[in-house]
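Source file: upload.cif. Holds: mmCIF, C-alpha atoms.
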data_entry
loop_
_atom_site.group_PDB
_atom_site.id
_atom_site.type_symbol
_atom_site.label_atom_id
_atom_site.label_comp_id
_atom_site.auth_asym_id
_atom_site.auth_seq_id
_atom_site.Cartn_x
_atom_site.Cartn_y
_atom_site.Cartn_z
ATOM 1 C CA MET A 1 0.000 0.000 0.000
ATOM 2 C CA ARG A 2 1.357 3.442 -0.943
ATOM 3 C CA VAL A 3 1.221 6.576 1.120
ATOM 4 C CA GLN A 4 -1.262 9.425 0.933
ATOM 5 C CA GLY A 5 1.446 12.073 0.472
ATOM 6 C CA THR A 6 5.046 12.415 -0.644
ATOM 7 C CA VAL A 7 7.977 12.337 1.742
ATOM 8 C CA VAL A 8 10.718 14.796 0.764
ATOM 9 C CA VAL A 9 14.097 14.274 2.414
ATOM 10 C CA LEU A 10 16.522 17.183 2.196
ATOM 11 C CA GLY A 11 19.922 16.181 3.463
ATOM 12 C CA SER A 12 23.318 14.628 3.012
ATOM 13 C CA VAL A 13 24.697 11.969 0.688
ATOM 14 C CA ASN A 14 28.058 10.323 1.349
ATOM 15 C CA ARG A 15 30.279 7.563 0.134
ATOM 16 C CA ASP A 16 30.739 5.390 3.221
ATOM 17 C CA VAL A 17 33.939 3.402 3.636
ATOM 18 C CA VAL A 18 33.225 0.837 6.357
ATOM 19 C CA ALA A 19 35.907 -1.190 8.139
ATOM 20 C CA GLN A 20 34.785 -4.150 10.272
ATOM 21 C CA VAL A 21 37.039 -4.928 13.246
ATOM 22 C CA HIS A 22 36.831 -7.267 16.248
ATOM 23 C CA ARG A 23 36.688 -4.310 18.654
ATOM 24 C CA LEU A 24 36.959 -0.545 18.392
ATOM 25 C CA PRO A 25 40.581 0.651 18.642
ATOM 26 C CA ALA A 26 41.963 2.595 21.586
ATOM 27 C CA PRO A 27 43.590 6.008 20.897
ATOM 28 C CA GLY A 28 46.829 5.475 19.002
ATOM 29 C CA GLU A 29 46.133 1.790 18.368
ATOM 30 C CA THR A 30 46.197 0.132 14.942
ATOM 31 C CA LEU A 31 43.906 -2.832 14.239
ATOM 32 C CA THR A 32 43.516 -5.012 11.165
ATOM 33 C CA ALA A 33 40.101 -4.961 9.513
ATOM 34 C CA THR A 34 38.334 -8.260 8.953
ATOM 35 C CA ALA A 35 36.334 -6.755 6.074
ATOM 36 C CA VAL A 36 36.030 -3.435 4.243
ATOM 37 C CA ARG A 37 33.146 -2.299 2.092
ATOM 38 C CA ALA A 38 32.015 0.870 0.317
ATOM 39 C CA GLN A 39 28.363 1.864 0.326
ATOM 40 C CA ILE A 40 26.041 4.829 -0.047
ATOM 41 C CA GLY A 41 25.456 6.728 3.180
ATOM 42 C CA GLY A 42 24.721 10.117 4.641
ATOM 43 C CA LYS A 43 21.754 10.742 6.904
ATOM 44 C CA GLY A 44 19.691 12.183 4.065
ATOM 45 C CA ALA A 45 20.227 9.212 1.767
ATOM 46 C CA ASN A 46 19.757 6.719 4.597
ATOM 47 C CA GLN A 47 16.492 8.212 5.795
ATOM 48 C CA ALA A 48 15.165 8.489 2.249
ATOM 49 C CA VAL A 49 15.868 4.819 1.497
ATOM 50 C CA ALA A 50 14.416 3.734 4.850
ATOM 51 C CA ALA A 51 11.192 5.639 4.119
ATOM 52 C CA LEU A 52 11.037 4.190 0.602
ATOM 53 C CA ARG A 53 11.442 0.626 1.871
ATOM 54 C CA CYS A 54 8.597 1.271 4.297
ATOM 55 C CA GLY A 55 6.191 2.147 1.492
ATOM 56 C CA ALA A 56 6.601 5.912 1.040
ATOM 57 C CA ASP A 57 6.884 7.842 -2.204
ATOM 58 C CA VAL A 58 10.165 9.656 -1.623
ATOM 59 C CA THR A 59 12.011 12.539 -3.276
ATOM 60 C CA LEU A 60 15.585 13.174 -2.176
ATOM 61 C CA VAL A 61 16.998 16.718 -2.325
ATOM 62 C CA ALA A 62 20.783 16.569 -1.963
ATOM 63 C CA ARG A 63 24.173 17.545 -3.365
ATOM 64 C CA THR A 64 27.097 15.423 -4.515
ATOM 65 C CA GLY A 65 30.425 16.363 -6.022
ATOM 66 C CA ASP A 66 31.004 16.353 -9.772
ATOM 67 C CA ASP A 67 33.529 13.558 -9.280
ATOM 68 C CA GLU A 68 33.427 9.838 -10.031
ATOM 69 C CA ALA A 69 32.066 9.130 -6.563
ATOM 70 C CA GLY A 70 29.211 11.573 -7.181
ATOM 71 C CA SER A 71 28.185 9.796 -10.381
ATOM 72 C CA ALA A 72 28.213 6.458 -8.560
ATOM 73 C CA LEU A 73 26.190 7.877 -5.685
ATOM 74 C CA ARG A 74 23.506 9.292 -7.982
ATOM 75 C CA SER A 75 23.287 6.072 -9.998
ATOM 76 C CA GLY A 76 23.097 3.941 -6.878
ATOM 77 C CA LEU A 77 20.366 6.062 -5.338
ATOM 78 C CA ALA A 78 18.351 6.011 -8.553
ATOM 79 C CA ALA A 79 18.565 2.206 -8.563
ATOM 80 C CA THR A 80 16.743 2.061 -5.220
ATOM 81 C CA GLY A 81 13.647 3.653 -6.748
ATOM 82 C CA LEU A 82 14.052 7.073 -5.149
ATOM 83 C CA ASP A 83 13.177 10.198 -7.101
ATOM 84 C CA VAL A 84 16.700 11.641 -7.477
ATOM 85 C CA SER A 85 15.872 14.444 -9.908
ATOM 86 C CA ARG A 86 16.817 16.893 -7.113
ATOM 87 C CA VAL A 87 20.179 15.260 -6.334
ATOM 88 C CA ARG A 88 22.505 17.715 -8.050
ATOM 89 C CA ALA A 89 26.270 17.758 -8.656
ATOM 90 C CA VAL A 90 28.167 20.818 -7.396
ATOM 91 C CA PRO A 91 30.888 21.819 -9.917
ATOM 92 C CA GLY A 92 34.464 21.623 -8.709
ATOM 93 C CA THR A 93 33.533 19.864 -5.466
ATOM 94 C CA ALA A 94 34.278 16.423 -4.046
ATOM 95 C CA SER A 95 31.480 14.230 -2.755
ATOM 96 C CA GLY A 96 31.075 13.729 0.985
ATOM 97 C CA THR A 97 32.827 10.716 2.474
ATOM 98 C CA ALA A 98 32.326 8.981 5.818
ATOM 99 C CA TYR A 99 34.945 6.661 7.307
ATOM 100 C CA VAL A 100 33.197 4.151 9.549
ATOM 101 C CA THR A 101 34.785 1.657 11.933
ATOM 102 C CA THR A 102 32.351 -0.885 13.338
ATOM 103 C CA ALA A 103 32.667 -3.687 15.899
ATOM 104 C CA ALA A 104 30.191 -5.720 17.954
ATOM 105 C CA GLY A 105 27.256 -3.607 16.853
ATOM 106 C CA GLU A 106 28.937 -0.272 17.715
ATOM 107 C CA ASN A 107 30.595 2.215 15.386
ATOM 108 C CA VAL A 108 32.844 5.276 15.210
ATOM 109 C CA ILE A 109 32.527 7.689 12.268
ATOM 110 C CA VAL A 110 34.801 10.393 10.826
ATOM 111 C CA LEU A 111 33.091 12.603 8.238
ATOM 112 C CA ASP A 112 34.456 14.657 5.341
ATOM 113 C CA ARG A 113 31.396 16.779 4.457
ATOM 114 C CA GLY A 114 32.404 17.636 0.887
ATOM 115 C CA ALA A 115 29.498 18.687 -1.334
ATOM 116 C CA ASN A 116 27.026 18.395 1.532
ATOM 117 C CA HIS A 117 28.294 21.783 2.714
ATOM 118 C CA ALA A 118 28.768 23.283 -0.758
ATOM 119 C CA TRP A 119 25.250 24.501 -1.520
ATOM 120 C CA GLN A 120 25.972 27.543 -3.664
ATOM 121 C CA PRO A 121 24.394 31.034 -3.807
ATOM 122 C CA ARG A 122 22.600 31.825 -7.075
ATOM 123 C CA GLY A 123 22.916 35.460 -8.030
ATOM 124 C CA ASP A 124 20.265 37.636 -6.387
ATOM 125 C CA ASP A 125 18.204 34.669 -5.201
ATOM 126 C CA PRO A 126 18.040 34.970 -1.380
ATOM 127 C CA ALA A 127 17.218 31.257 -1.210
ATOM 128 C CA GLY A 128 20.551 30.423 -2.804
ATOM 129 C CA ASP A 129 21.020 26.985 -4.321
ATOM 130 C CA VAL A 130 18.105 25.453 -2.418
ATOM 131 C CA GLY A 131 15.740 27.890 -4.136
ATOM 132 C CA GLN A 132 15.485 25.669 -7.197
ATOM 133 C CA ASP A 133 14.130 22.862 -5.034
ATOM 134 C CA LEU A 134 11.650 24.778 -2.879
ATOM 135 C CA ASP A 135 8.776 23.628 -5.093
ATOM 136 C CA ALA A 136 9.504 20.058 -4.010
ATOM 137 C CA VAL A 137 9.733 21.157 -0.370
ATOM 138 C CA ARG A 138 6.377 22.912 -0.624
ATOM 139 C CA ALA A 139 4.750 19.833 -2.173
ATOM 140 C CA ALA A 140 5.821 17.494 0.641
ATOM 141 C CA ALA A 141 3.305 15.965 2.995
ATOM 142 C CA VAL A 142 6.294 15.311 5.267
ATOM 143 C CA LEU A 143 9.643 17.101 4.990
ATOM 144 C CA VAL A 144 12.576 15.309 6.642
ATOM 145 C CA LEU A 145 15.669 17.316 7.618
ATOM 146 C CA GLN A 146 18.948 16.671 9.445
ATOM 147 C CA LEU A 147 21.985 18.816 10.308
ATOM 148 C CA GLU A 148 24.602 17.392 7.921
ATOM 149 C CA VAL A 149 23.911 20.252 5.482
ATOM 150 C CA PRO A 150 24.301 24.000 6.222
ATOM 151 C CA GLN A 151 21.960 25.320 8.885
ATOM 152 C CA ASP A 152 20.837 28.139 6.597
ATOM 153 C CA VAL A 153 19.548 25.514 4.174
ATOM 154 C CA VAL A 154 17.747 23.652 6.979
ATOM 155 C CA ARG A 155 16.179 26.882 8.222
ATOM 156 C CA LEU A 156 15.002 27.957 4.785
ATOM 157 C CA ALA A 157 13.453 24.571 4.013
ATOM 158 C CA ALA A 158 11.791 24.248 7.427
ATOM 159 C CA LEU A 159 10.178 27.675 7.170
ATOM 160 C CA ALA A 160 9.094 27.143 3.553
ATOM 161 C CA ALA A 161 7.392 23.770 4.118
ATOM 162 C CA PRO A 162 3.612 23.915 4.586
ATOM 163 C CA GLY A 163 3.475 20.228 5.499
ATOM 164 C CA ARG A 164 4.781 18.358 8.518
ATOM 165 C CA VAL A 165 8.488 18.840 9.332
ATOM 166 C CA VAL A 166 10.534 16.045 10.909
ATOM 167 C CA LEU A 167 13.940 17.316 11.998
ATOM 168 C CA ASN A 168 16.624 14.895 13.160
ATOM 169 C CA ALA A 169 18.975 17.173 15.122
ATOM 170 C CA ALA A 170 22.110 15.227 14.241
ATOM 171 C CA PRO A 171 24.933 15.920 14.416
ATOM 172 C CA SER A 172 24.164 17.935 17.525
ATOM 173 C CA ALA A 173 23.976 21.715 17.036
ATOM 174 C CA PRO A 174 21.955 24.624 18.471
ATOM 175 C CA LEU A 175 18.604 25.274 16.796
ATOM 176 C CA PRO A 176 16.975 28.695 16.371
ATOM 177 C CA GLU A 177 13.535 29.057 17.939
ATOM 178 C CA GLU A 178 11.844 29.563 14.566
ATOM 179 C CA VAL A 179 13.137 26.190 13.345
ATOM 180 C CA LEU A 180 12.335 24.429 16.598
ATOM 181 C CA ALA A 181 8.773 25.681 16.310
ATOM 182 C CA ARG A 182 8.353 23.804 13.011
ATOM 183 C CA CYS A 183 9.532 20.440 14.367
ATOM 184 C CA ASP A 184 6.787 17.820 14.514
ATOM 185 C CA PRO A 185 8.623 15.875 15.764
ATOM 186 C CA LEU A 186 12.124 16.928 16.688
ATOM 187 C CA VAL A 187 14.047 13.620 16.697
ATOM 188 C CA VAL A 188 17.072 13.346 19.002
ATOM 189 C CA ASN A 189 19.087 10.730 20.800
ATOM 190 C CA GLN A 190 19.964 11.150 24.486
ATOM 191 C CA HIS A 191 23.183 13.077 23.778
ATOM 192 C CA GLU A 192 21.446 15.486 21.401
ATOM 193 C CA LEU A 193 18.570 15.905 23.853
ATOM 194 C CA ARG A 194 21.023 16.908 26.574
ATOM 195 C CA ASP A 195 22.824 19.352 24.280
ATOM 196 C CA LEU A 196 19.603 21.054 23.158
ATOM 197 C CA SER A 197 17.735 21.083 26.456
ATOM 198 C CA GLY A 198 20.540 21.297 29.014
ATOM 199 C CA GLU A 199 18.831 18.488 30.936
ATOM 200 C CA GLU A 200 20.174 15.046 31.825
ATOM 201 C CA HIS A 201 16.798 13.411 32.491
ATOM 202 C CA VAL A 202 14.883 12.414 29.356
ATOM 203 C CA ASP A 203 11.410 13.484 30.484
ATOM 204 C CA THR A 204 12.660 16.819 31.812
ATOM 205 C CA GLY A 205 14.575 17.477 28.605
ATOM 206 C CA VAL A 206 11.529 16.682 26.476
ATOM 207 C CA ARG A 207 9.364 19.053 28.515
ATOM 208 C CA ARG A 208 11.972 21.784 28.127
ATOM 209 C CA LEU A 209 12.007 21.420 24.330
ATOM 210 C CA LEU A 210 8.206 21.424 24.149
ATOM 211 C CA ALA A 211 8.190 24.579 26.268
ATOM 212 C CA ARG A 212 10.654 26.166 23.834
ATOM 213 C CA GLY A 213 8.212 25.583 20.994
ATOM 214 C CA ALA A 214 8.769 22.144 19.472
ATOM 215 C CA ARG A 215 5.402 20.704 18.430
ATOM 216 C CA SER A 216 6.490 17.199 19.402
ATOM 217 C CA VAL A 217 9.684 15.404 20.431
ATOM 218 C CA LEU A 218 10.913 11.862 19.822
ATOM 219 C CA VAL A 219 13.908 10.584 21.788
ATOM 220 C CA THR A 220 15.594 7.443 20.476
ATOM 221 C CA LEU A 221 16.999 5.249 23.247
ATOM 222 C CA GLY A 222 18.901 2.643 21.243
ATOM 223 C CA ALA A 223 18.210 -0.891 22.401
ATOM 224 C CA HIS A 224 15.640 0.403 24.886
ATOM 225 C CA GLY A 225 13.278 1.861 22.247
ATOM 226 C CA ALA A 226 11.979 5.425 22.039
ATOM 227 C CA ARG A 227 10.021 7.980 24.040
ATOM 228 C CA TRP A 228 7.754 10.596 22.472
ATOM 229 C CA ALA A 229 5.645 13.517 23.607
ATOM 230 C CA ASP A 230 3.472 16.230 22.105
ATOM 231 C CA GLY A 231 0.943 18.720 23.378
ATOM 232 C CA SER A 232 -1.684 16.050 23.968
ATOM 233 C CA GLY A 233 0.285 13.304 25.658
ATOM 234 C CA ALA A 234 3.371 11.121 25.807
ATOM 235 C CA GLY A 235 4.344 7.506 25.336
ATOM 236 C CA PHE A 236 7.116 4.932 25.296
ATOM 237 C CA ALA A 237 7.772 2.307 22.612
ATOM 238 C CA PRO A 238 10.048 -0.495 23.876
ATOM 239 C CA ALA A 239 12.391 -2.215 21.447
ATOM 240 C CA PRO A 240 12.399 -6.008 21.208
ATOM 241 C CA GLN A 241 15.499 -7.769 22.472
ATOM 242 C CA VAL A 242 17.477 -8.826 19.397
ATOM 243 C CA ALA A 243 21.009 -9.918 18.523
ATOM 244 C CA VAL A 244 22.659 -6.757 17.190
ATOM 245 C CA VAL A 245 24.880 -7.373 14.177
ATOM 246 C CA ASP A 246 25.452 -3.795 12.958
ATOM 247 C CA SER A 247 23.871 -0.662 14.434
ATOM 248 C CA THR A 248 25.098 1.654 11.655
ATOM 249 C CA GLY A 249 22.176 3.716 10.350
ATOM 250 C CA ALA A 250 19.673 2.448 12.916
ATOM 251 C CA GLY A 251 18.701 5.960 13.956
ATOM 252 C CA ASP A 252 18.090 6.792 10.306
ATOM 253 C CA ALA A 253 15.866 3.719 10.031
ATOM 254 C CA VAL A 254 13.712 5.156 12.824
ATOM 255 C CA VAL A 255 13.403 8.534 11.102
ATOM 256 C CA GLY A 256 12.640 7.132 7.655
ATOM 257 C CA ALA A 257 10.114 4.606 8.914
ATOM 258 C CA LEU A 258 8.474 7.276 11.078
ATOM 259 C CA ALA A 259 8.128 9.628 8.094
ATOM 260 C CA SER A 260 6.479 6.890 6.046
ATOM 261 C CA ARG A 261 3.787 6.478 8.711
ATOM 262 C CA LEU A 262 3.263 10.205 9.261
ATOM 263 C CA ALA A 263 2.775 10.688 5.519
ATOM 264 C CA ARG A 264 -0.254 8.411 5.839
ATOM 265 C CA GLY A 265 -1.712 10.626 8.514
ATOM 266 C CA GLN A 266 -0.838 8.286 11.349
ATOM 267 C CA ARG A 267 -0.338 9.843 14.799
ATOM 268 C CA LEU A 268 2.886 9.567 16.795
ATOM 269 C CA ALA A 269 1.314 7.057 19.170
ATOM 270 C CA GLY A 270 1.056 4.567 16.305
ATOM 271 C CA ALA A 271 3.987 5.687 14.162
ATOM 272 C CA VAL A 272 6.693 5.478 16.847
ATOM 273 C CA PRO A 273 6.261 1.761 17.721
ATOM 274 C CA TRP A 274 6.246 0.970 14.013
ATOM 275 C CA ALA A 275 9.490 2.928 13.496
ATOM 276 C CA VAL A 276 11.160 1.229 16.478
ATOM 277 C CA ALA A 277 10.231 -2.166 15.038
ATOM 278 C CA ALA A 278 11.787 -1.199 11.703
ATOM 279 C CA ALA A 279 15.044 -0.163 13.362
ATOM 280 C CA SER A 280 15.113 -3.370 15.418
ATOM 281 C CA LEU A 281 15.011 -5.373 12.211
ATOM 282 C CA SER A 282 17.745 -3.251 10.621
ATOM 283 C CA VAL A 283 20.324 -3.845 13.377
ATOM 284 C CA GLN A 284 20.121 -7.592 12.823
ATOM 285 C CA ARG A 285 21.673 -7.158 9.353
ATOM 286 C CA VAL A 286 24.971 -5.813 8.039
ATOM 287 C CA GLY A 287 25.071 -2.420 6.349
ATOM 288 C CA THR A 288 22.664 0.458 6.079
ATOM 289 C CA HIS A 289 20.438 0.471 3.002
ATOM 290 C CA ASP A 290 20.575 -3.298 2.624
ATOM 291 C CA SER A 291 19.526 -3.671 6.245
ATOM 292 C CA TYR A 292 16.387 -1.526 6.037
ATOM 293 C CA PRO A 293 13.247 -3.667 6.129
ATOM 294 C CA ALA A 294 10.333 -3.644 3.719
ATOM 295 C CA GLU A 295 6.932 -2.577 4.967
ATOM 296 C CA ARG A 296 5.619 -6.149 5.028
ATOM 297 C CA GLU A 297 8.552 -7.248 7.231
ATOM 298 C CA VAL A 298 7.775 -4.601 9.820
ATOM 299 C CA ASP A 299 4.079 -5.504 9.788
ATOM 300 C CA ALA A 300 4.979 -9.167 10.278
ATOM 301 C CA ALA A 301 7.368 -8.379 13.145
ATOM 302 C CA LEU A 302 4.692 -6.380 14.944
ATOM 303 C CA ARG A 303 2.165 -9.166 14.500
ATOM 304 C CA ARG A 304 4.613 -11.650 16.058
ATOM 305 C CA ARG A 305 5.022 -9.357 19.063
#
Could you quickly redo this structure as structure tokens?
Amino acid sequence: MRVQGTVVVLGSVNRDVVAQVHRLPAPGETLTATAVRAQIGGKGANQAVAALRCGADVTLVARTGDDEAGSALRSGLAATGLDVSRVRAVPGTASGTAYVTTAAGENVIVLDRGANHAWQPRGDDPAGDVGQDLDAVRAAAVLVLQLEVPQDVVRLAALAAPGRVVLNAAPSAPLPEEVLARCDPLVVNQHELRDLSGEEHVDTGVRRLLARGARSVLVTLGAHGARWADGSGAGFAPAPQVAVVDSTGAGDAVVGALASRLARGQRLAGAVPWAVAAASLSVQRVGTHDSYPAEREVDAALRRR
């Protein structure tokens, strides 16, 4: 079954170079990888593919370099079925690259942002490079944003979108009040919640962000599940106990799956448990895009529970 409205994801695209090791290295230590693979990553690409796998019609708005990696990234994303007509190459710029080390379900990432931070101004257009894609933003039932592209771009898109805005505040950075007021929900992990709210306790931090203007907040708690709250109530979605193989991209699985449900008009109370189930399936598989479950798999997992 397809969604009632389009999900538009505006965000980053990277070439991920992933090294599998037995354990994460200590500072100054050299370890030998047991396997190395290259794959498409970036929070924007990951969340777009996760939403697509969960039954959404998805348009990705992103930037790559005009290099060989950029061509491969665009071709690979097109092969997933995403609408990549808004994935544009920035002249004279290298594509973003993430260097990922993963062991026992945990990972460490070093990011070279590349074209993800090379959105260019366009003459007298105050919207800059993103101006040519604002029609897609305005047509979205759900707009998904993250913070791996310039904050000015995030702000412009969030304020231009008439539909629902889902903002994953990662990597952690301060948010202006006008952007926070568009978040429905603001999606954070515990570290990002602490940075944005100044509170250590999850419930207190969520209340602080709602008081600052966020329409709703979703806190991902890893293997424990997720907690959400909006103006009408709050809830907790526990995660099933599973054998974690690779947690890379699990947070993006939550965001993409959540967007696919919200685009159908589902409320947070129903969408959050569904998104947690999707992420729980993803961590049992290696990789990011290849690990993201299809809609029918998530439905089946929830029925078994």
- Item | Given the PyMOL selection byres ((chain A and resi 228-244) around 10), the residues it picks as a PyMOL selection string | chain A and resi 104-106+184-187+203+206-207+210-211+214-227+245-247+268-286+301-302+305
- Task: Starting from the displayed file, determine the output of the PyMOL selection byres ((chain A and resi 6-18) around 7) and express the residue list as a PyMOL selection string.
- Result: chain A and resi 5+19-20+36-45+48+56-64+95-101+116+137+140-146+148-149+259+263
- Write out as a PyMOL selection string each polymer residue whose atoms come within 8 Å of A:Thr288, counting only C-alpha atoms; drop sequence neighbours fewer than 3 positions from it. chain A and resi 41+46+248-250+282+291-292
- Task: I need the residue set behind the PyMOL selection byres ((chain A and resi 156) around 12) for this file; please write it as a PyMOL selection string.
- Result: chain A and resi 10+126-131+133-134+137-138+145+149-155+157-161+176+178-179+182
- Message: As an exercise, work out the distance from atom CA of A:Arg264 to atom CA of A:Arg164 in Å and give it to one decimal place.
- Response: 11.5 Å
- Query: So which one's closest to A:Gly163, A:Ala103, A:Ala69, A:Leu193, A:Leu262? Using all atoms listed in the file, please.
  - Reply: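 Of A:Ala103, A:Ala69, A:Leu193, A:Leu262, the one nearest A:Gly163 is A:Leu262, counting all atoms listed in the file.
The spacing separating atom CA of A:Arg194 from atom CA of A:Asp252 amounts to 19.4 Å.
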- Message: Report, in Å to a single decimal, how far apart atom CA of A:Cys54 and atom CA of A:Glu295 are.
- Response: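 Taking atom CA of A:Glu295 and atom CA of A:Cys54, their separation equals 4.2 Å.
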Test item: residues at most 8 Å from A:Ala50, all atoms listed in the file, excluding those fewer than 5 positions along its chain, as a PDB file with C-alpha atoms, keeping the file's coordinate frame:
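As a result, around-v1.pdb now contains:
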ATOM      1  CA  ASP A 252      18.090   6.792  10.306  1.00  0.00           C
ATOM      2  CA  ALA A 253      15.866   3.719  10.031  1.00  0.00           C
ATOM      3  CA  VAL A 255      13.403   8.534  11.102  1.00  0.00           C
ATOM      4  CA  GLY A 256      12.640   7.132   7.655  1.00  0.00           C
ATOM      5  CA  ALA A 257      10.114   4.606   8.914  1.00  0.00           C
ATOM      6  CA  HIS A 289      20.438   0.471   3.002  1.00  0.00           C
ATOM      7  CA  TYR A 292      16.387  -1.526   6.037  1.00  0.00           C
ATOM      8  CA  PRO A 293      13.247  -3.667   6.129  1.00  0.00           C
TER       9      PRO A 293
END
- Query: Of the residues A:Val166, A:Ser71, A:His201, A:His117, which is the one nearest to A:Arg261, using all atoms listed in the file?
  - Reply: A:Val166
- Message: Here is a test: counting all atoms listed in the file, which residue of A:Leu258, A:Val84, A:Ala72, A:Gly65 is nearest to A:Arg113?
- Response: A:Gly65
- With all atoms listed in the file as the basis for distance, which of A:Val298, A:Val188, A:Leu196, A:Ala181 is at the shortest distance from A:Gly213? A:Ala181
- Which is closer to A:Val165 than all the others in A:Ala94, A:Cys183, A:Val108, A:Ala118, using only C-alpha atoms?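 Result for the nearest residue to A:Val165: A:Cys183.
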Kindly add all heavy atoms to the incomplete stretch 195-201 of chain A and provide the output as a PDB file, in the frame of the given file.
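Written output follows (out-v2.pdb):
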ATOM      1  N   ASP A 195      22.206  18.157  24.850  1.00  0.00           N
ATOM      2  CA  ASP A 195      22.824  19.352  24.280  1.00  0.00           C
ATOM      3  C   ASP A 195      21.788  20.449  24.017  1.00  0.00           C
ATOM      4  O   ASP A 195      22.052  21.640  24.246  1.00  0.00           O
ATOM      5  CB  ASP A 195      23.534  19.009  22.971  1.00  0.00           C
ATOM      6  CG  ASP A 195      24.782  18.174  23.179  1.00  0.00           C
ATOM      7  OD1 ASP A 195      25.248  18.072  24.334  1.00  0.00           O
ATOM      8  OD2 ASP A 195      25.284  17.608  22.190  1.00  0.00           O
ATOM      9  N   LEU A 196      20.615  20.065  23.524  1.00  0.00           N
ATOM     10  CA  LEU A 196      19.603  21.054  23.158  1.00  0.00           C
ATOM     11  C   LEU A 196      18.806  21.559  24.345  1.00  0.00           C
ATOM     12  O   LEU A 196      18.359  22.715  24.355  1.00  0.00           O
ATOM     13  CB  LEU A 196      18.643  20.461  22.117  1.00  0.00           C
ATOM     14  CG  LEU A 196      19.164  20.365  20.688  1.00  0.00           C
ATOM     15  CD1 LEU A 196      18.207  19.561  19.825  1.00  0.00           C
ATOM     16  CD2 LEU A 196      19.351  21.761  20.097  1.00  0.00           C
ATOM     17  N   SER A 197      18.598  20.705  25.330  1.00  0.00           N
ATOM     18  CA  SER A 197      17.735  21.083  26.456  1.00  0.00           C
ATOM     19  C   SER A 197      18.511  21.496  27.700  1.00  0.00           C
ATOM     20  O   SER A 197      17.968  22.172  28.583  1.00  0.00           O
ATOM     21  CB  SER A 197      16.810  19.920  26.819  1.00  0.00           C
ATOM     22  OG  SER A 197      17.546  18.853  27.416  1.00  0.00           O
ATOM     23  N   GLY A 198      19.773  21.051  27.802  1.00  0.00           N
ATOM     24  CA  GLY A 198      20.540  21.297  29.014  1.00  0.00           C
ATOM     25  C   GLY A 198      20.134  20.404  30.171  1.00  0.00           C
ATOM     26  O   GLY A 198      20.554  20.626  31.313  1.00  0.00           O
ATOM     27  N   GLU A 199      19.347  19.367  29.894  1.00  0.00           N
ATOM     28  CA  GLU A 199      18.831  18.488  30.936  1.00  0.00           C
ATOM     29  C   GLU A 199      19.382  17.077  30.759  1.00  0.00           C
ATOM     30  O   GLU A 199      19.496  16.578  29.637  1.00  0.00           O
ATOM     31  CB  GLU A 199      17.299  18.436  30.893  1.00  0.00           C
ATOM     32  CG  GLU A 199      16.622  19.789  31.091  1.00  0.00           C
ATOM     33  CD  GLU A 199      16.704  20.275  32.528  1.00  0.00           C
ATOM     34  OE1 GLU A 199      17.078  19.476  33.401  1.00  0.00           O
ATOM     35  OE2 GLU A 199      16.378  21.455  32.775  1.00  0.00           O
ATOM     36  N   GLU A 200      19.689  16.419  31.868  1.00  0.00           N
ATOM     37  CA  GLU A 200      20.174  15.046  31.825  1.00  0.00           C
ATOM     38  C   GLU A 200      19.023  14.046  31.752  1.00  0.00           C
ATOM     39  O   GLU A 200      19.137  13.008  31.114  1.00  0.00           O
ATOM     40  CB  GLU A 200      21.024  14.749  33.067  1.00  0.00           C
ATOM     41  CG  GLU A 200      22.349  15.497  33.111  1.00  0.00           C
ATOM     42  CD  GLU A 200      23.351  14.951  32.106  1.00  0.00           C
ATOM     43  OE1 GLU A 200      23.168  13.821  31.637  1.00  0.00           O
ATOM     44  OE2 GLU A 200      24.318  15.672  31.800  1.00  0.00           O
ATOM     45  N   HIS A 201      17.923  14.334  32.423  1.00  0.00           N
ATOM     46  CA  HIS A 201      16.798  13.411  32.491  1.00  0.00           C
ATOM     47  C   HIS A 201      15.950  13.540  31.228  1.00  0.00           C
ATOM     48  O   HIS A 201      15.633  14.648  30.777  1.00  0.00           O
ATOM     49  CB  HIS A 201      15.950  13.702  33.729  1.00  0.00           C
ATOM     50  CG  HIS A 201      14.932  12.643  34.013  1.00  0.00           C
ATOM     51  ND1 HIS A 201      13.673  12.651  33.445  1.00  0.00           N
ATOM     52  CD2 HIS A 201      14.998  11.534  34.784  1.00  0.00           C
ATOM     53  CE1 HIS A 201      13.007  11.597  33.875  1.00  0.00           C
ATOM     54  NE2 HIS A 201      13.782  10.898  34.684  1.00  0.00           N
TER      55      HIS A 201
END
